[in-house]
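Quick look at work16.tsv (TSV, C-alpha atoms):
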chain	number	residue	atom	x	y	z
A	8	MET	CA	57.91	6.69	-17.54
A	9	ARG	CA	61.50	6.53	-16.22
A	10	ALA	CA	62.20	9.99	-17.63
A	11	ILE	CA	59.10	11.39	-15.93
A	12	LEU	CA	60.05	9.88	-12.58
A	13	GLU	CA	63.56	11.26	-12.89
A	14	GLN	CA	62.10	14.71	-13.65
A	15	VAL	CA	59.87	14.85	-10.57
A	16	LYS	CA	61.81	12.81	-8.01
A	17	ASN	CA	63.38	15.89	-6.43
A	18	ILE	CA	60.21	17.99	-6.45
A	19	PRO	CA	58.40	18.13	-3.09
A	20	LEU	CA	54.93	17.17	-4.35
A	21	LYS	CA	53.29	18.19	-1.07
A	22	ALA	CA	54.54	21.71	-1.72
A	23	LEU	CA	52.51	21.83	-4.95
A	24	LYS	CA	49.32	21.77	-2.87
A	25	PHE	CA	50.56	24.69	-0.76
A	26	PHE	CA	51.67	26.57	-3.86
A	27	TYR	CA	48.36	26.05	-5.63
A	28	ALA	CA	46.43	27.24	-2.57
A	29	ALA	CA	48.60	30.36	-2.32
A	30	GLY	CA	48.16	31.10	-6.01
A	31	TYR	CA	44.42	30.55	-5.77
A	32	CYS	CA	43.98	32.70	-2.66
A	33	GLY	CA	46.50	35.36	-3.73
A	34	SER	CA	47.96	35.36	-0.22
A	35	PHE	CA	50.07	33.09	1.98
A	36	THR	CA	47.90	34.01	4.96
A	37	ALA	CA	44.65	33.15	3.21
A	38	ALA	CA	46.16	29.90	1.92
A	39	ALA	CA	47.22	28.99	5.45
A	40	ASP	CA	43.68	29.58	6.70
A	41	MET	CA	42.21	27.43	3.91
A	42	LEU	CA	44.67	24.58	4.58
A	43	CYS	CA	44.40	24.94	8.38
A	44	VAL	CA	48.15	25.40	8.78
A	45	THR	CA	50.40	28.28	9.82
A	46	HIS	CA	51.65	31.08	7.57
A	47	SER	CA	55.20	29.87	8.10
A	48	ALA	CA	54.27	26.34	6.96
A	49	VAL	CA	53.02	27.71	3.64
A	50	SER	CA	56.08	29.92	3.24
A	51	LYS	CA	58.44	27.01	4.01
A	52	GLN	CA	56.79	24.67	1.49
A	53	ILE	CA	56.92	27.26	-1.29
A	54	LYS	CA	60.58	28.06	-0.57
A	55	GLN	CA	61.38	24.35	-0.85
A	56	LEU	CA	59.54	24.18	-4.17
A	57	GLU	CA	61.34	27.26	-5.48
A	58	ALA	CA	64.68	25.78	-4.42
A	59	ALA	CA	63.91	22.48	-6.18
A	60	LEU	CA	62.86	24.25	-9.38
A	61	GLY	CA	65.49	26.98	-9.24
A	62	VAL	CA	62.96	29.73	-10.06
A	63	ALA	CA	61.01	32.36	-8.12
A	64	LEU	CA	57.31	31.51	-8.11
A	65	PHE	CA	56.14	34.71	-6.40
A	66	VAL	CA	57.33	38.29	-6.56
A	67	GLN	CA	56.84	41.01	-3.99
A	68	ASP	CA	54.28	43.64	-5.01
A	69	GLY	CA	54.18	46.20	-2.22
A	70	ARG	CA	52.88	44.38	0.83
A	71	ASN	CA	51.47	41.57	-1.29
A	72	ARG	CA	52.93	38.71	-3.27
A	73	ARG	CA	51.82	37.83	-6.76
A	74	LEU	CA	52.69	34.99	-9.10
A	75	SER	CA	55.76	35.49	-11.24
A	76	SER	CA	55.63	34.54	-14.92
A	77	ASP	CA	57.13	31.14	-14.01
A	78	GLY	CA	54.73	30.87	-11.09
A	79	LEU	CA	51.77	31.58	-13.35
A	80	LEU	CA	52.90	28.85	-15.76
A	81	LEU	CA	53.13	26.34	-12.90
A	82	TYR	CA	49.83	27.50	-11.41
A	83	GLN	CA	48.00	26.89	-14.69
A	84	SER	CA	49.49	23.41	-14.87
A	85	CYS	CA	48.47	22.70	-11.25
A	86	GLN	CA	44.98	23.98	-12.00
A	87	ARG	CA	44.54	21.43	-14.77
A	88	MET	CA	46.18	18.66	-12.75
A	89	PHE	CA	44.14	19.18	-9.57
A	90	ALA	CA	40.89	19.53	-11.54
A	91	GLU	CA	41.51	16.20	-13.28
A	92	LEU	CA	42.59	14.58	-10.02
A	93	THR	CA	39.44	15.80	-8.27
A	94	THR	CA	37.26	14.35	-11.03
A	95	THR	CA	39.08	11.01	-10.89
A	96	LEU	CA	38.84	10.77	-7.10
A	97	ASP	CA	35.13	11.59	-7.23
A	98	THR	CA	34.60	8.90	-9.87
A	99	LEU	CA	36.46	6.31	-7.79
A	100	THR	CA	34.56	7.24	-4.63
A	101	HIS	CA	31.17	6.83	-6.30
A	102	LYS	CA	32.26	3.73	-8.19
A	103	HIS	CA	33.00	1.86	-4.98
A	104	ARG	CA	30.02	3.19	-3.08
A	105	GLN	CA	27.69	0.20	-3.30
A	106	ASP	CA	24.51	1.55	-1.76
A	107	LEU	CA	21.79	3.74	-3.21
A	108	THR	CA	20.16	5.35	-0.19
A	109	VAL	CA	16.40	5.73	-0.58
A	110	SER	CA	14.07	7.71	1.68
A	111	CYS	CA	10.53	6.37	1.78
A	112	GLU	CA	7.39	7.14	3.82
A	113	THR	CA	7.22	4.72	6.75
A	114	THR	CA	4.06	2.75	5.91
A	115	LEU	CA	4.92	2.40	2.22
A	116	ALA	CA	8.40	1.21	3.19
A	117	MET	CA	7.11	-1.30	5.74
A	118	LYS	CA	4.16	-2.68	3.81
A	119	TRP	CA	5.35	-2.48	0.20
A	120	LEU	CA	8.99	-1.54	-0.50
A	121	ILE	CA	10.82	-3.70	2.04
A	122	PRO	CA	8.93	-6.93	1.16
A	123	ARG	CA	9.76	-6.38	-2.52
A	124	ILE	CA	13.31	-5.05	-2.39
A	125	THR	CA	14.61	-8.63	-2.41
A	126	THR	CA	13.54	-8.79	-6.07
A	127	PHE	CA	15.81	-5.88	-6.98
A	128	PRO	CA	18.27	-7.32	-9.54
A	129	LYS	CA	21.58	-8.37	-8.00
A	130	ASP	CA	23.40	-7.95	-11.29
A	131	TYR	CA	22.91	-4.17	-11.10
A	132	GLY	CA	25.95	-4.23	-8.83
A	133	PHE	CA	24.66	-2.10	-5.96
A	134	ASN	CA	22.41	-2.41	-2.93
A	135	VAL	CA	19.44	-0.29	-1.93
A	136	ALA	CA	19.50	1.10	1.61
A	137	ILE	CA	16.09	2.24	2.88
A	138	LEU	CA	15.52	5.08	5.33
A	139	THR	CA	12.01	5.93	6.52
A	140	ALA	CA	10.79	9.53	6.41
A	141	GLY	CA	8.04	11.59	4.84
A	142	GLY	CA	7.43	15.13	3.68
A	143	ALA	CA	10.14	17.61	2.73
A	144	VAL	CA	13.54	16.28	1.67
A	145	ASP	CA	17.04	17.58	2.45
A	146	PHE	CA	19.30	15.26	0.46
A	147	GLN	CA	22.59	16.52	1.91
A	148	ARG	CA	21.54	16.74	5.55
A	149	GLN	CA	19.67	13.43	5.47
A	150	ASN	CA	22.47	11.79	3.45
A	151	ILE	CA	20.11	10.25	0.90
A	152	ASP	CA	20.25	9.82	-2.88
A	153	VAL	CA	16.58	9.65	-3.84
A	154	ALA	CA	13.22	9.93	-2.09
A	155	ILE	CA	9.86	8.29	-2.82
A	156	ARG	CA	7.13	10.80	-2.09
A	157	ARG	CA	3.43	11.26	-2.80
A	158	ASN	CA	2.61	14.69	-4.22
A	159	ASP	CA	0.58	15.77	-1.19
A	160	PHE	CA	3.00	18.64	-0.53
A	161	THR	CA	4.93	21.13	-2.67
A	162	TRP	CA	8.61	20.40	-3.24
A	163	PRO	CA	11.12	22.96	-4.56
A	164	PRO	CA	11.18	23.40	-8.36
A	165	THR	CA	14.94	22.79	-8.28
A	166	LEU	CA	14.38	19.11	-7.45
A	167	HIS	CA	14.16	16.54	-10.22
A	168	ALA	CA	10.87	14.62	-9.94
A	169	GLU	CA	10.03	11.51	-11.95
A	170	TYR	CA	6.47	10.15	-11.99
A	171	ILE	CA	6.14	6.56	-10.79
A	172	ALA	CA	2.47	5.60	-10.43
A	173	PRO	CA	-0.94	6.91	-9.33
A	174	GLU	CA	-2.16	6.41	-5.79
A	175	ARG	CA	-5.16	4.07	-5.52
A	176	VAL	CA	-7.19	3.73	-2.34
A	177	GLY	CA	-10.05	1.61	-1.08
A	178	ALA	CA	-12.15	0.85	2.00
A	179	VAL	CA	-10.66	-2.27	3.59
A	180	HIS	CA	-11.67	-4.43	6.55
A	181	ALA	CA	-11.07	-7.85	8.00
A	182	PRO	CA	-13.40	-10.75	7.13
A	183	PRO	CA	-16.65	-10.49	9.15
A	184	PRO	CA	-17.33	-9.99	11.92
A	185	TYR	CA	-15.55	-6.66	12.43
A	186	GLN	CA	-16.31	-3.61	14.55
A	187	PRO	CA	-18.55	-0.84	13.11
A	188	HIS	CA	-15.90	1.90	13.27
A	189	ARG	CA	-14.36	4.24	10.72
A	190	LEU	CA	-10.60	4.08	11.20
A	191	HIS	CA	-8.74	7.35	10.52
A	192	THR	CA	-5.08	8.35	10.35
A	193	HIS	CA	-3.79	11.85	11.07
A	194	SER	CA	-1.35	11.52	8.17
A	195	ARG	CA	-4.30	11.42	5.72
A	196	ILE	CA	-6.96	13.13	7.74
A	197	ASP	CA	-9.30	13.78	4.78
A	198	ALA	CA	-9.17	10.23	3.35
A	199	TRP	CA	-12.67	9.28	4.52
A	200	GLN	CA	-14.14	12.58	3.35
A	201	GLN	CA	-12.74	12.07	-0.15
A	202	TRP	CA	-13.90	8.44	-0.24
A	203	THR	CA	-17.49	9.18	0.74
A	204	LYS	CA	-17.66	11.93	-1.90
A	205	GLN	CA	-16.70	9.33	-4.52
A	206	HIS	CA	-19.11	6.74	-3.04
A	207	PRO	CA	-22.07	8.75	-1.72
A	208	ASP	CA	-24.60	5.90	-1.89
A	209	ASP	CA	-22.74	3.48	0.38
A	210	ASP	CA	-23.43	3.07	4.09
A	211	TYR	CA	-20.54	3.37	6.54
A	212	PRO	CA	-20.24	3.36	10.32
A	213	SER	CA	-20.58	6.75	12.01
A	214	GLU	CA	-18.27	6.07	14.96
A	215	ASP	CA	-14.70	7.28	14.37
A	216	ILE	CA	-11.39	6.05	15.79
A	217	PHE	CA	-8.19	7.99	15.08
A	218	PHE	CA	-4.60	6.74	14.87
A	219	GLU	CA	-1.39	8.72	14.54
A	220	HIS	CA	0.21	6.65	11.77
A	221	PHE	CA	-1.12	5.01	8.63
A	222	TYR	CA	0.31	1.60	9.51
A	223	LEU	CA	-1.55	1.64	12.85
A	224	THR	CA	-4.82	2.21	10.98
A	225	ILE	CA	-4.08	-0.77	8.73
A	226	GLN	CA	-3.17	-2.95	11.72
A	227	ALA	CA	-6.42	-1.93	13.41
A	228	ALA	CA	-8.36	-3.01	10.32
A	229	ILE	CA	-6.50	-6.34	10.28
A	230	ALA	CA	-7.47	-6.79	13.95
A	231	GLY	CA	-11.13	-6.33	13.05
A	232	GLN	CA	-11.55	-2.95	14.73
A	233	GLY	CA	-13.28	-1.34	11.74
A	234	ILE	CA	-12.95	-0.07	8.16
A	235	ALA	CA	-9.89	1.89	6.95
A	236	ILE	CA	-9.26	3.84	3.77
A	237	ALA	CA	-5.94	2.36	2.67
A	238	SER	CA	-3.52	2.59	-0.22
A	239	GLN	CA	-3.61	-0.41	-2.51
A	240	TYR	CA	0.18	-0.63	-2.28
A	241	MET	CA	0.11	-0.78	1.51
A	242	VAL	CA	-2.43	-3.62	1.78
A	243	ALA	CA	-1.72	-5.58	-1.42
A	244	ASP	CA	-0.22	-8.53	0.44
A	245	GLU	CA	-3.06	-8.69	2.99
A	246	ILE	CA	-5.65	-8.54	0.20
A	247	SER	CA	-3.95	-11.36	-1.74
A	248	LYS	CA	-3.86	-13.53	1.39
A	249	GLY	CA	-7.48	-12.83	2.36
A	250	ILE	CA	-6.46	-11.09	5.58
A	251	LEU	CA	-8.24	-7.93	4.41
A	252	LYS	CA	-11.19	-7.45	2.06
A	253	CYS	CA	-11.84	-4.54	-0.31
A	254	PRO	CA	-15.35	-5.18	-1.64
A	255	GLN	CA	-15.64	-1.92	-3.59
A	256	GLY	CA	-12.17	-2.20	-5.09
A	257	PHE	CA	-9.51	0.50	-5.34
A	258	CYS	CA	-9.73	3.76	-7.26
A	259	ALA	CA	-7.41	6.68	-7.99
A	260	ASP	CA	-7.59	9.50	-5.44
A	261	GLY	CA	-5.92	12.11	-7.68
A	262	SER	CA	-2.47	11.93	-6.09
A	263	ALA	CA	0.58	10.04	-7.31
A	264	TYR	CA	3.99	8.76	-6.26
A	265	TYR	CA	7.19	10.38	-7.51
A	266	LEU	CA	10.89	9.68	-7.16
A	267	LEU	CA	12.79	12.83	-6.18
A	268	SER	CA	16.47	13.61	-6.70
A	269	ALA	CA	18.72	16.63	-6.28
A	270	THR	CA	20.42	15.86	-9.63
A	271	PRO	CA	19.10	14.64	-13.02
A	272	PHE	CA	18.39	10.91	-13.19
A	273	ALA	CA	20.02	10.64	-16.60
A	274	GLN	CA	23.35	11.57	-15.02
A	275	ASN	CA	23.30	8.69	-12.53
A	276	GLN	CA	22.87	5.10	-13.67
A	277	LYS	CA	21.96	3.80	-10.20
A	278	LYS	CA	19.12	6.29	-9.82
A	279	GLN	CA	17.82	5.53	-13.31
A	280	LEU	CA	17.88	1.77	-12.75
A	281	PHE	CA	16.05	2.13	-9.44
A	282	LEU	CA	13.46	4.41	-11.05
A	283	ASN	CA	12.84	1.88	-13.83
A	284	TRP	CA	12.46	-0.94	-11.29
A	285	LEU	CA	10.00	1.10	-9.20
A	286	ARG	CA	7.83	1.80	-12.23
A	287	GLN	CA	7.75	-1.88	-13.14
A	288	GLN	CA	6.81	-2.88	-9.61
A	289	MET	CA	4.13	-0.22	-9.02
A	290	ASN	CA	2.34	-0.54	-12.37

Represent the supplied structure as structure tokens.
Amino acid sequence: MRAILEQVKNIPLKALKFFYAAGYCGSFTAAADMLCVTHSAVSKQIKQLEAALGVALFVQDGRNRRLSSDGLLLYQSCQRMFAELTTTLDTLTHKHRQDLTVSCETTLAMKWLIPRITTFPKDYGFNVAILTAGGAVDFQRQNIDVAIRRNDFTWPPTLHAEYIAPERVGAVHAPPPYQPHRLHTHSRIDAWQQWTKQHPDDDYPSEDIFFEHFYLTIQAAIAGQGIAIASQYMVADEISKGILKCPQGFCADGSAYYLLSATPFAQNQKKQLFLNWLRQQMN
């Protein structure tokens, strides 16, 4: 170690970054633009490095400069060094990033995920941060790691999608008396149509009331304003407490929940652990 420190103590290490950029770009001017510094700053740093090493790292080739044989040798060494350093820094950054950021549709997050996230194992060593959103996902712009989505839209084939559980729905209402209304949500506008096709012999109210969000429809049902077609996951707690009734039970509607990611789950332990926990909770 002492010998290594003696070898490098007189080398301006900052200049190695400028040198590597110049070698990569093939131009002092382009390197300056990439590093957001002046041309003279790049030239000065490389001259200092050449003086410390006692060799010429670039040679003039017409109006351009190219790496000398010594410069090429140093460039190849820097290439390996900076690649390894980048990998190490990325590992350290992700190692100390404690949160897994999850995007989840608002009603599912409010009525199912948030009440259960306290059971997520503490010994996994990371927290789950929940953001509410639905539909298409932009992982980079939204700054999220994974997204829970129902397959009611088409996502890009480049995304990695892992099946979690089927969607199950039922007609729910408060204990009698309740209003003779069919409660609709614009987010699942055809829910009643699908339900009546599956249960053609049942009688339902003919008067319709519409709400913008799913959770408003559920709250209206809790308040006794009528009957709503609701996801089993979103009313499970109310059913267990007797706040809502589902006399015909829940049945699959043909859709399902998936966990989406921009990268393979097998390459990220946090994502895989969260996926496994979701499957256990939703099945």

Counting only C-alpha atoms, which residues sit no farther than 7 Å from the position (3.8, 3.4, 10.5) in the file's frame? I'd like them as a PyMOL selection string. chain A and resi 113-114+220-223

Closest of A:His180, A:Gly33, A:Tyr82, A:Trp284 to Arg70 (chain A) - atom-to-atom distances counting only C-alpha atoms: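 Closest candidate: A:Gly33.
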
Give as a PDB file with C-alpha atoms, in the frame of the given file every residue, naming chains and numbers as the document does, that has an atom within 7 Å of (57.8, 21.5, -7.6), counting all atoms listed in the file.
ATOM      1  CA  ILE A  18      60.210  17.990  -6.450  1.00  0.00           C
ATOM      2  CA  PRO A  19      58.400  18.130  -3.090  1.00  0.00           C
ATOM      3  CA  LEU A  20      54.930  17.170  -4.350  1.00  0.00           C
ATOM      4  CA  ALA A  22      54.540  21.710  -1.720  1.00  0.00           C
ATOM      5  CA  LEU A  23      52.510  21.830  -4.950  1.00  0.00           C
ATOM      6  CA  LEU A  56      59.540  24.180  -4.170  1.00  0.00           C
ATOM      7  CA  ALA A  59      63.910  22.480  -6.180  1.00  0.00           C
ATOM      8  CA  LEU A  60      62.860  24.250  -9.380  1.00  0.00           C
TER       9      LEU A  60
END

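Using all atoms listed in the file, the shortest contact distance between Leu267 (chain A) and any of A:Ser110, A:Asn134, A:Thr36, A:Gln147 is found at A:Ser110.
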
At a cut-off of 9 Å, can you tabulate as CSV every residue of region 113-225 of chain A near region 246-261 of chain A together with its closest atom pair and the distance in Å to one decimal, using all atoms listed in the file and ordering rows by chain then number?
residue,atom,partner,partner_atom,distance
A:Pro173,CA,A:Ala259,CA,6.6
A:Glu174,CA,A:Ala259,CA,5.7
A:Arg175,CA,A:Ala259,CA,4.2
A:Val176,CA,A:Phe257,CA,5.0
A:Gly177,CA,A:Phe257,CA,4.4
A:Ala178,CA,A:Cys253,CA,5.9
A:Val179,CA,A:Cys253,CA,4.7
A:His180,CA,A:Leu251,CA,5.3
A:Ala181,CA,A:Leu251,CA,4.6
A:Pro182,CA,A:Lys252,CA,6.4
A:Ala198,CA,A:Asp260,CA,9.0
A:Gln201,CA,A:Asp260,CA,7.8
A:Trp202,CA,A:Asp260,CA,8.2

With all atoms listed in the file as the counted atoms, please give the residues lying no more than 7 Å from region 209-216 of chain A, apart from itself and same-chain residues fewer than 3 positions off, as a VMD selection string. chain A and resid 187 to 191 206

If I take CA of Ile196 (chain A) and CA of Ile151 (chain A), how far is one from the other in Å, to one decimal?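 One can read the CA of Ile196 (chain A) to CA of Ile151 (chain A) distance as 28.1 Å.
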
Students should find that CA of Asn275 (chain A) and CA of Asp130 (chain A) are spaced 16.7 Å

Calculate how many Å separate CA of Pro271 (chain A) from CA of Arg286 (chain A), rounding to one decimal.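 Pair CA of Pro271 (chain A) / CA of Arg286 (chain A) returns 17.1 Å.
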
Looking at all atoms listed in the file, which of A:Leu120, A:Leu285, A:Ala63, A:Ala143 is the one that sits closest to Ile171 (chain A)?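 Residue with the minimum atom-to-atom distance to Ile171 (chain A): A:Leu285.
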
Between A:Val153, A:Phe89, A:Ala58, A:Leu80, which residue has the minimum interatomic distance to Lys24 (chain A), considering only C-alpha atoms?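 Closest to Lys24 (chain A), using only C-alpha atoms: A:Phe89.
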
Could you check the closest approach to Phe217 (chain A) for each of A:Arg87, A:Thr192, A:Gln205, A:Gly231 and tell me which residue wins, using only C-alpha atoms? A:Thr192

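Proximity ranking of A:Lys204, A:Lys54, A:Lys21, A:Lys118 relative to Ala243 (chain A) places A:Lys118 first, based on all atoms listed in the file.
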
Would you mind listing what lies within 12 Å of Pro122 (chain A) as a count of residues only, with only C-alpha atoms counted and same-chain residues fewer than 2 positions away left out? 18
